[in-house]
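A.B. asks: File follows, coords-v3.csv with CSV, C-alpha atoms:
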```csv
chain,number,residue,atom,x,y,z
A,1,ALA,CA,120.5,90.7,69.6
A,2,SER,CA,121.8,88.5,66.8
A,3,VAL,CA,124.9,90.7,66.4
A,4,LEU,CA,125.8,90.3,70.1
A,5,ALA,CA,125.0,86.6,70.0
A,6,LYS,CA,127.4,86.3,67.0
A,7,ALA,CA,130.1,88.1,68.9
A,8,VAL,CA,129.8,85.7,71.8
A,9,VAL,CA,129.8,82.7,69.5
A,10,GLN,CA,132.9,84.0,67.7
A,11,GLN,CA,134.7,84.4,71.1
A,12,VAL,CA,134.0,80.8,71.9
A,13,ARG,CA,135.0,79.7,68.5
A,14,ASP,CA,138.3,81.6,68.7
A,15,ARG,CA,139.0,79.8,72.0
A,16,ASN,CA,138.1,76.5,70.6
A,17,ARG,CA,140.6,77.0,67.8
A,18,VAL,CA,143.3,77.6,70.4
A,19,VAL,CA,142.3,74.5,72.2
A,20,SER,CA,142.3,72.5,68.9
A,21,GLU,CA,145.9,73.6,68.2
A,22,ARG,CA,146.9,72.6,71.8
A,23,LYS,CA,145.3,69.3,71.2
A,24,LEU,CA,147.3,68.7,68.1
A,25,ARG,CA,150.5,69.6,69.9
A,26,HIS,CA,149.9,67.9,73.3
A,27,GLY,CA,147.2,65.4,72.6
A,28,SER,CA,144.7,66.9,75.1
A,29,GLY,CA,142.1,69.7,75.2
A,30,LYS,CA,138.4,69.9,74.5
A,31,GLY,CA,136.5,72.7,72.8
A,32,ARG,CA,133.3,74.2,74.3
A,33,ALA,CA,129.9,74.0,72.8
A,34,VAL,CA,127.6,77.0,72.6
A,35,HIS,CA,123.8,76.7,73.0
A,36,VAL,CA,122.0,79.8,71.7
A,37,VAL,CA,118.3,79.9,72.9
A,38,PHE,CA,116.0,82.4,71.2
A,39,GLU,CA,112.8,83.5,73.1
A,40,ASP,CA,109.7,84.9,71.3
A,41,ARG,CA,106.0,84.9,71.4
A,42,PRO,CA,104.6,81.4,70.5
A,43,GLU,CA,102.5,82.9,67.7
A,44,ASN,CA,105.5,84.2,65.8
A,45,ASP,CA,107.0,82.5,62.8
A,46,PHE,CA,109.8,80.4,64.1
A,47,SER,CA,110.5,78.7,60.7
A,48,LYS,CA,111.6,82.1,59.4
A,49,PHE,CA,113.8,82.6,62.5
A,50,PHE,CA,115.6,79.3,62.1
A,51,THR,CA,116.5,80.1,58.5
A,52,THR,CA,117.9,83.5,59.2
A,53,PHE,CA,119.1,83.6,62.8
A,54,GLN,CA,121.4,80.6,62.5
A,55,LYS,CA,123.0,82.0,59.4
A,56,ASN,CA,123.4,85.4,61.1
A,57,ILE,CA,125.4,84.0,64.0
A,58,GLY,CA,127.5,81.8,61.9
A,59,CYS,CA,125.9,78.3,62.3
A,60,ALA,CA,126.0,77.8,58.6
A,61,ASP,CA,129.8,77.6,58.6
A,62,GLU,CA,130.9,74.8,56.3
A,63,THR,CA,133.7,73.6,58.4
A,64,THR,CA,135.1,70.1,59.0
A,65,ASP,CA,136.5,71.1,62.4
A,66,GLU,CA,134.2,69.5,64.9
A,67,ASP,CA,135.3,71.8,67.8
A,68,ASP,CA,134.9,74.9,65.7
A,69,ASN,CA,131.2,74.2,64.8
A,70,LYS,CA,129.7,73.3,68.2
A,71,VAL,CA,127.0,75.9,67.9
A,72,PHE,CA,123.5,74.8,68.6
A,73,VAL,CA,120.3,76.9,68.3
A,74,SER,CA,116.9,76.4,69.7
A,75,ALA,CA,113.8,78.5,70.5
A,76,VAL,CA,111.4,78.9,73.4
A,77,GLY,CA,107.9,80.1,72.6
A,78,ARG,CA,107.0,82.1,75.7
A,79,SER,CA,106.6,85.6,76.9
A,80,PHE,CA,109.8,87.1,78.5
A,81,TYR,CA,107.6,87.9,81.5
A,82,GLU,CA,107.7,84.2,82.2
A,83,GLN,CA,110.7,82.1,83.1
A,84,CYS,CA,111.9,80.7,79.8
A,85,LEU,CA,114.9,78.5,80.9
A,86,PRO,CA,115.9,76.5,84.0
A,87,ASP,CA,117.3,78.1,87.1
A,88,ASN,CA,121.1,78.9,87.0
A,89,SER,CA,121.5,77.8,83.4
A,90,VAL,CA,122.4,81.0,81.4
A,91,ASP,CA,125.9,82.5,81.0
A,92,VAL,CA,124.9,85.5,78.9
A,93,ALA,CA,121.4,86.9,78.4
A,94,MET,CA,120.6,89.5,75.8
A,95,CYS,CA,117.5,91.7,75.1
A,96,SER,CA,117.4,94.3,72.4
A,97,ILE,CA,114.7,97.1,72.3
A,98,ALA,CA,111.9,94.8,73.5
A,99,ALA,CA,111.2,95.3,77.2
A,100,HIS,CA,109.4,98.6,76.8
A,101,TRP,CA,106.3,96.4,75.7
A,102,LEU,CA,104.1,95.9,78.7
A,103,ASP,CA,102.8,92.5,79.9
A,104,ILE,CA,99.1,92.4,78.9
A,105,ASN,CA,97.6,88.9,79.4
A,106,PRO,CA,94.2,87.4,80.3
A,107,LYS,CA,95.0,87.8,84.0
A,108,THR,CA,95.7,91.5,83.7
A,109,PRO,CA,92.9,93.5,85.5
A,110,VAL,CA,90.5,95.0,83.1
A,111,ASP,CA,90.9,98.6,84.5
A,112,VAL,CA,94.7,98.3,84.1
A,113,VAL,CA,94.3,97.1,80.5
A,114,GLU,CA,92.0,100.0,79.7
A,115,LYS,CA,94.2,102.6,81.4
A,116,THR,CA,97.5,101.4,79.9
A,117,LYS,CA,96.3,100.9,76.3
A,118,HIS,CA,97.5,104.4,75.3
A,119,ALA,CA,100.5,104.5,77.6
A,120,TYR,CA,103.0,105.3,74.9
A,121,TRP,CA,100.8,107.7,73.1
A,122,LEU,CA,100.1,109.6,76.3
A,123,TYR,CA,103.8,109.9,77.3
A,124,ALA,CA,104.6,111.0,73.7
A,125,ARG,CA,101.9,113.7,74.0
A,126,GLN,CA,103.2,114.8,77.4
A,127,VAL,CA,106.7,115.6,76.1
A,128,THR,CA,105.2,117.4,73.0
A,129,MET,CA,102.6,119.6,74.7
A,130,GLY,CA,102.8,122.1,71.9
A,131,VAL,CA,101.2,119.6,69.5
A,132,ASP,CA,97.5,119.5,69.1
A,133,SER,CA,96.0,116.5,71.0
A,134,SER,CA,94.7,113.6,69.0
A,135,THR,CA,90.9,113.2,69.1
A,136,SER,CA,91.5,109.4,69.3
A,137,ILE,CA,92.9,109.9,72.8
A,138,GLN,CA,90.6,112.0,75.1
A,139,ASN,CA,91.9,113.4,78.4
A,140,GLY,CA,94.0,110.4,79.3
A,141,PHE,CA,96.8,112.1,81.3
A,142,GLN,CA,95.1,111.1,84.6
A,143,ASP,CA,96.0,107.5,83.6
A,144,LEU,CA,99.7,108.1,83.4
A,145,PRO,CA,100.4,107.1,87.1
A,146,VAL,CA,98.7,103.8,86.4
A,147,CYS,CA,100.9,103.3,83.3
A,148,ALA,CA,104.0,104.2,85.3
A,149,GLN,CA,103.2,101.7,88.0
A,150,LYS,CA,102.4,98.9,85.5
A,151,ALA,CA,105.7,99.6,83.8
A,152,ALA,CA,107.6,99.5,87.1
A,153,ASP,CA,105.9,96.2,88.0
A,154,ASP,CA,106.7,94.7,84.6
A,155,TRP,CA,110.3,95.8,84.7
A,156,GLU,CA,110.8,94.2,88.1
A,157,CYS,CA,109.2,91.0,86.8
A,158,PHE,CA,111.4,90.9,83.7
A,159,LEU,CA,114.5,91.4,85.8
A,160,LEU,CA,113.6,88.7,88.3
A,161,ARG,CA,112.8,86.1,85.6
A,162,ARG,CA,116.2,86.7,84.0
A,163,THR,CA,117.9,86.6,87.4
A,164,LYS,CA,116.5,83.1,88.1
A,165,GLU,CA,117.8,81.9,84.7
A,166,LEU,CA,121.3,83.4,85.1
A,167,LYS,CA,124.2,81.5,86.6
A,168,ILE,CA,126.1,83.1,89.4
A,169,GLY,CA,128.5,85.5,87.6
A,170,GLY,CA,126.3,85.5,84.5
A,171,THR,CA,125.8,88.7,82.6
A,172,MET,CA,122.7,90.3,81.0
A,173,VAL,CA,123.0,92.9,78.3
A,174,THR,CA,119.8,94.9,77.6
A,175,LEU,CA,119.2,97.7,75.1
A,176,MET,CA,116.2,99.7,76.1
A,177,SER,CA,114.0,102.4,74.5
A,178,THR,CA,114.0,105.2,77.0
A,179,GLY,CA,111.9,108.2,77.7
A,180,GLY,CA,115.0,110.2,78.7
A,181,THR,CA,115.6,111.8,82.1
A,182,LYS,CA,112.7,114.3,82.5
A,183,GLN,CA,115.3,117.2,82.5
A,184,GLY,CA,114.5,118.0,78.9
A,185,ASP,CA,117.8,119.7,78.2
A,186,ASN,CA,120.1,116.9,77.1
A,187,GLU,CA,120.8,114.7,74.0
A,188,ILE,CA,118.6,111.9,75.3
A,189,ASP,CA,115.6,114.0,76.1
A,190,ARG,CA,115.8,115.9,72.8
A,191,ALA,CA,116.0,112.6,71.0
A,192,PHE,CA,112.8,111.3,72.6
A,193,GLN,CA,111.1,114.6,72.0
A,194,GLY,CA,111.9,114.3,68.3
A,195,PHE,CA,110.7,110.7,68.2
A,196,ALA,CA,107.5,111.6,70.2
A,197,GLY,CA,106.9,114.4,67.7
A,198,SER,CA,107.0,112.0,64.8
A,199,ILE,CA,104.5,109.8,66.7
A,200,VAL,CA,102.0,112.5,67.6
A,201,ARG,CA,102.3,114.4,64.3
A,202,GLY,CA,102.4,111.3,62.1
A,203,LEU,CA,100.7,108.2,63.5
A,204,LEU,CA,98.0,109.8,65.7
A,205,ALA,CA,97.2,112.4,63.1
A,206,ALA,CA,96.8,109.8,60.4
A,207,VAL,CA,94.4,107.8,62.7
A,208,ASP,CA,92.3,111.0,63.1
A,209,ASP,CA,92.3,111.7,59.4
A,210,LEU,CA,91.1,108.2,58.4
A,211,VAL,CA,88.4,108.2,61.0
A,212,LYS,CA,87.1,111.5,59.7
A,213,GLU,CA,87.3,110.3,56.1
A,214,GLY,CA,85.3,107.1,57.1
A,215,LYS,CA,88.0,104.7,56.1
A,216,PHE,CA,88.5,103.7,59.7
A,217,THR,CA,85.5,103.3,62.0
A,218,GLN,CA,85.5,105.3,65.3
A,219,LYS,CA,86.0,102.0,67.1
A,220,GLU,CA,88.9,101.0,64.9
A,221,GLY,CA,90.6,104.4,65.5
A,222,GLN,CA,90.3,104.0,69.2
A,223,ALA,CA,91.6,100.5,69.0
A,224,VAL,CA,95.0,101.6,67.7
A,225,ASN,CA,96.6,100.9,71.1
A,226,CYS,CA,100.2,100.8,72.2
A,227,TYR,CA,100.8,98.8,75.4
A,228,ALA,CA,104.3,100.1,75.8
A,229,TYR,CA,106.1,102.6,78.1
A,230,ALA,CA,109.3,104.6,77.6
A,231,ARG,CA,110.9,104.4,81.1
A,232,THR,CA,113.1,107.2,82.3
A,233,GLU,CA,116.7,106.7,83.5
A,234,GLU,CA,115.4,107.0,87.1
A,235,GLU,CA,112.8,104.3,86.5
A,236,LEU,CA,115.2,101.9,84.8
A,237,LYS,CA,117.8,102.3,87.7
A,238,LYS,CA,115.3,102.1,90.6
A,239,PRO,CA,115.3,98.3,91.1
A,240,PHE,CA,119.1,98.5,91.5
A,241,THR,CA,119.4,101.6,93.6
A,242,GLU,CA,117.0,100.5,96.3
A,243,SER,CA,118.7,97.9,98.5
A,244,THR,CA,115.3,96.6,99.7
A,245,SER,CA,114.0,95.9,96.2
A,246,ALA,CA,113.3,92.3,95.1
A,247,VAL,CA,115.8,92.7,92.3
A,248,SER,CA,118.6,93.7,94.7
A,249,LYS,CA,117.7,90.9,97.1
A,250,ALA,CA,117.9,88.4,94.2
A,251,GLY,CA,121.5,89.4,93.6
A,252,LEU,CA,121.2,91.2,90.2
A,253,LYS,CA,123.6,94.2,90.1
A,254,LEU,CA,123.7,97.0,87.5
A,255,THR,CA,127.4,97.3,86.5
A,256,HIS,CA,127.0,99.7,83.5
A,257,TYR,CA,124.4,102.2,82.3
A,258,LYS,CA,124.9,104.3,79.2
A,259,PRO,CA,122.2,106.5,77.7
A,260,PHE,CA,122.6,107.6,74.1
A,261,GLY,CA,120.7,109.1,71.2
A,262,VAL,CA,120.8,107.7,67.7
A,263,PRO,CA,120.2,110.5,65.3
A,264,CYS,CA,117.8,110.3,62.4
A,265,ALA,CA,119.8,108.8,59.5
A,266,LEU,CA,117.5,110.4,56.9
A,267,LEU,CA,117.6,114.0,58.1
A,268,PRO,CA,121.0,114.9,56.7
A,269,GLU,CA,119.9,113.8,53.2
A,270,TYR,CA,116.8,116.0,53.5
A,271,GLN,CA,118.7,119.0,54.9
A,272,HIS,CA,121.3,118.7,52.1
A,273,GLY,CA,118.6,118.5,49.4
A,274,THR,CA,119.3,114.9,48.4
A,275,LEU,CA,115.8,113.9,49.4
A,276,SER,CA,112.7,116.0,48.6
A,277,LYS,CA,110.4,116.8,51.5
A,278,SER,CA,107.7,114.3,50.3
A,279,GLU,CA,110.2,111.5,49.9
A,280,TYR,CA,111.8,112.2,53.3
A,281,CYS,CA,108.3,112.0,54.9
A,282,ARG,CA,107.6,108.8,53.0
A,283,ARG,CA,110.7,107.2,54.4
A,284,VAL,CA,110.0,108.4,57.9
A,285,ALA,CA,106.6,106.8,57.6
A,286,LEU,CA,108.2,103.5,56.5
A,287,SER,CA,110.5,103.7,59.5
A,288,LEU,CA,107.5,104.1,61.8
A,289,ARG,CA,105.8,101.2,60.0
A,290,THR,CA,108.5,98.7,61.0
A,291,TRP,CA,107.5,98.6,64.7
A,292,SER,CA,103.9,99.9,64.6
A,293,TYR,CA,102.4,97.8,61.8
A,294,HIS,CA,100.8,95.3,64.2
A,295,LEU,CA,99.2,98.1,66.2
A,296,VAL,CA,97.3,99.3,63.2
A,297,TYR,CA,96.6,95.9,61.6
A,298,ASN,CA,95.2,94.4,64.9
A,299,ALA,CA,93.0,97.4,65.4
A,300,LEU,CA,91.0,96.8,62.2
A,301,SER,CA,87.8,94.8,62.4
A,302,MET,CA,88.0,91.0,61.9
A,303,GLU,CA,84.9,91.4,59.8
A,304,ARG,CA,87.1,92.9,57.1
A,305,SER,CA,88.8,90.6,54.7
A,306,GLU,CA,92.5,89.9,55.1
A,307,GLU,CA,93.1,91.8,51.8
A,308,GLU,CA,91.1,94.8,52.9
A,309,ARG,CA,92.9,95.0,56.3
A,310,ARG,CA,96.3,94.9,54.6
A,311,GLY,CA,95.2,97.4,52.0
A,312,LEU,CA,94.0,99.8,54.8
A,313,VAL,CA,97.4,99.5,56.6
A,314,ASP,CA,99.1,100.7,53.4
A,315,VAL,CA,96.6,103.5,53.1
A,316,PHE,CA,97.3,104.4,56.8
A,317,TYR,CA,101.1,104.8,56.3
A,318,ASN,CA,100.6,106.8,53.1
A,319,GLN,CA,98.5,109.1,55.3
A,320,VAL,CA,101.2,109.3,57.9
A,321,ALA,CA,103.6,110.6,55.2
A,322,ILE,CA,101.0,113.1,54.1
A,323,CYS,CA,100.5,114.3,57.7
A,324,LEU,CA,104.3,114.8,58.2
A,325,ASP,CA,104.5,116.5,54.8
A,326,ARG,CA,101.9,119.1,55.9
A,327,LEU,CA,104.3,120.4,58.5
A,328,SER,CA,106.6,123.4,57.7
A,329,SER,CA,109.4,121.5,59.3
A,330,PRO,CA,108.9,117.7,59.4
A,331,PRO,CA,110.1,116.1,62.7
A,332,ALA,CA,113.3,114.0,62.7
A,333,LEU,CA,113.1,110.4,63.8
A,334,PRO,CA,115.9,109.9,66.3
A,335,TYR,CA,116.0,107.1,68.9
A,336,SER,CA,116.7,107.6,72.6
A,337,LEU,CA,118.2,104.4,74.0
A,338,ALA,CA,120.0,103.1,77.1
A,339,LEU,CA,122.5,100.2,77.4
A,340,LEU,CA,122.3,98.3,80.7
A,341,ILE,CA,124.8,95.6,81.7
A,342,MET,CA,123.9,93.6,84.7
A,343,GLN,CA,125.6,90.7,86.6
A,344,LYS,CA,124.2,88.1,89.0
A,345,CYS,CA,126.1,88.0,92.2
A,346,ASN,CA,126.2,85.7,95.2
A,347,ILE,CA,123.7,86.7,97.8
A,348,ILE,CA,125.4,87.2,101.2
A,349,ASN,CA,122.9,86.9,104.1
```
Would you write the structure of this file as structure tokens?
C.D. replies:
Amino acid sequence: ASVLAKAVVQQVRDRNRVVSERKLRHGSGKGRAVHVVFEDRPENDFSKFFTTFQKNIGCADETTDEDDNKVFVSAVGRSFYEQCLPDNSVDVAMCSIAAHWLDINPKTPVDVVEKTKHAYWLYARQVTMGVDSSTSIQNGFQDLPVCAQKAADDWECFLLRRTKELKIGGTMVTLMSTGGTKQGDNEIDRAFQGFAGSIVRGLLAAVDDLVKEGKFTQKEGQAVNCYAYARTEEELKKPFTESTSAVSKAGLKLTHYKPFGVPCALLPEYQHGTLSKSEYCRRVALSLRTWSYHLVYNALSMERSEEERRGLVDVFYNQVAICLDRLSSPPALPYSLALLIMQKCNIIN
């Protein structure tokens, strides 16, 4: 998201430079200011954000031109399933690979929490049926309809919150992790199948191994939950294709949809012999760690010390690499994504 924010800021800066030149020539003209608002969970480290994000989008420019440096950054500590900014106040909204996480909060019904806690694992297993099922997830496929409905409700909620914030004519750009198309025979489906294979063969197998070895308790193994859902193309488009949906009635239109697969960057090095099999598997495990660390850490008992919990997380990802290395052909780690561009339009009654 910071890359796109930087591009928007640069566009405004370029315009401001033109205005400044006009002002020098004609004595009139005023540059525009840019207010970049970052939303994240309130428990996250905003001090780190302010020192990195502002630099990434160019706020640290040492310029004497006042019009060229009217970039202001602030943060909102809220869930994106809440309204984060005033009505009709946003020109451009951006969300990058985040809205697949489901909204689990104290008001979520207990049965929904229980049935959706393994949503991502279940969907991953469904598209890799040739893989042995993890003992940490027992017979959960009957819960998939509940997971799908929860994901649909959350997607609608997310879109309606952003629609309220957008100005008429405002644009939202969203990059989504997607579960493909359910056709199973195209680039996007194959990418998700490869990613799901890495999850089932790596993460879930490592959970089982550590439970069997006694390093994780049974309760901890079952607590490695993933409240996320990889929506299909049909599920992502549904709020826009149904004229009676709340999203359509609110005036949000889907103007562009592009699914694409991002191939595993490590696989060519392994295939060409640059990386050994064990090193390749270690790096794939590290890639999985970047987004799944909190799932493992939060599953460990609070009765353990901080040092012990962090040490066990390291042990866990070492085990992921071992699990992948056991396979005759380790799975790749591609990503299946979809780019959605939306615009808020006037509602004509």
A.B. asks: Quick one: distance from CA of Asn298 in chain A to CA of Ala223 in chain A in Å, one decimal?
C.D. replies: 8.2 Å
A.B. asks: Please tell me which residues are no farther than 6 Å from (124.1, 87.7, 75.7) in the file, counting all atoms listed in the file, and write them as a PyMOL selection string.
C.D. replies: chain A and resi 5+92-94+173
A.B. asks: Quick one: everything within 8 Å of Ser198 in chain A, counting only C-alpha atoms, minus sequence neighbours fewer than 5 positions away in the same chain. Send it as number ranges by chain.
C.D. replies: A: 203, 324, 331-333
A.B. asks: Counting all atoms listed in the file, which residue out of A:Cys95, A:Ala152, A:Val90, A:Leu159 sits closest to Lys249 in chain A?
C.D. replies: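 Ranking A:Cys95, A:Ala152, A:Val90, A:Leu159 by distance to Lys249 in chain A, first place goes to A:Leu159.
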A.B. asks: List every protein, DNA or RNA residue with an atom no more than 10 Å from (127.3, 97.7, 85.5) in the file's coordinates, counting all atoms listed in the file, and format the result as a VMD selection string.
C.D. replies: chain A and resid 171 to 173 253 to 258 339 to 343
A.B. asks: Quick one, how far is CA of Val315 in chain A from CA of Leu210 in chain A?
C.D. replies: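 CA of Leu210 in chain A lies 9.0 Å from CA of Val315 in chain A.
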A.B. asks: Skipping near chain neighbours, those fewer than 5 positions away, what residues fall within 9 Å of range 82-85 of chain A using all atoms listed in the file, listed as an MDAnalysis selection string?
C.D. replies: chainID A and resid 37 39 76:77 90 157:158 160:162 164:165
A.B. asks: Expressed in Å to a single decimal, how great is the separation between CA of Ala99 in chain A and CA of Glu235 in chain A?
C.D. replies: 13.0 Å
A.B. asks: With all atoms listed in the file as the atoms that count, which of A:Arg78, A:Lys238, A:Arg304, A:Lys212 lies nearest to Asp40 in chain A?
C.D. replies: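 Answer, going by the shortest atom-to-atom distance: A:Arg78.
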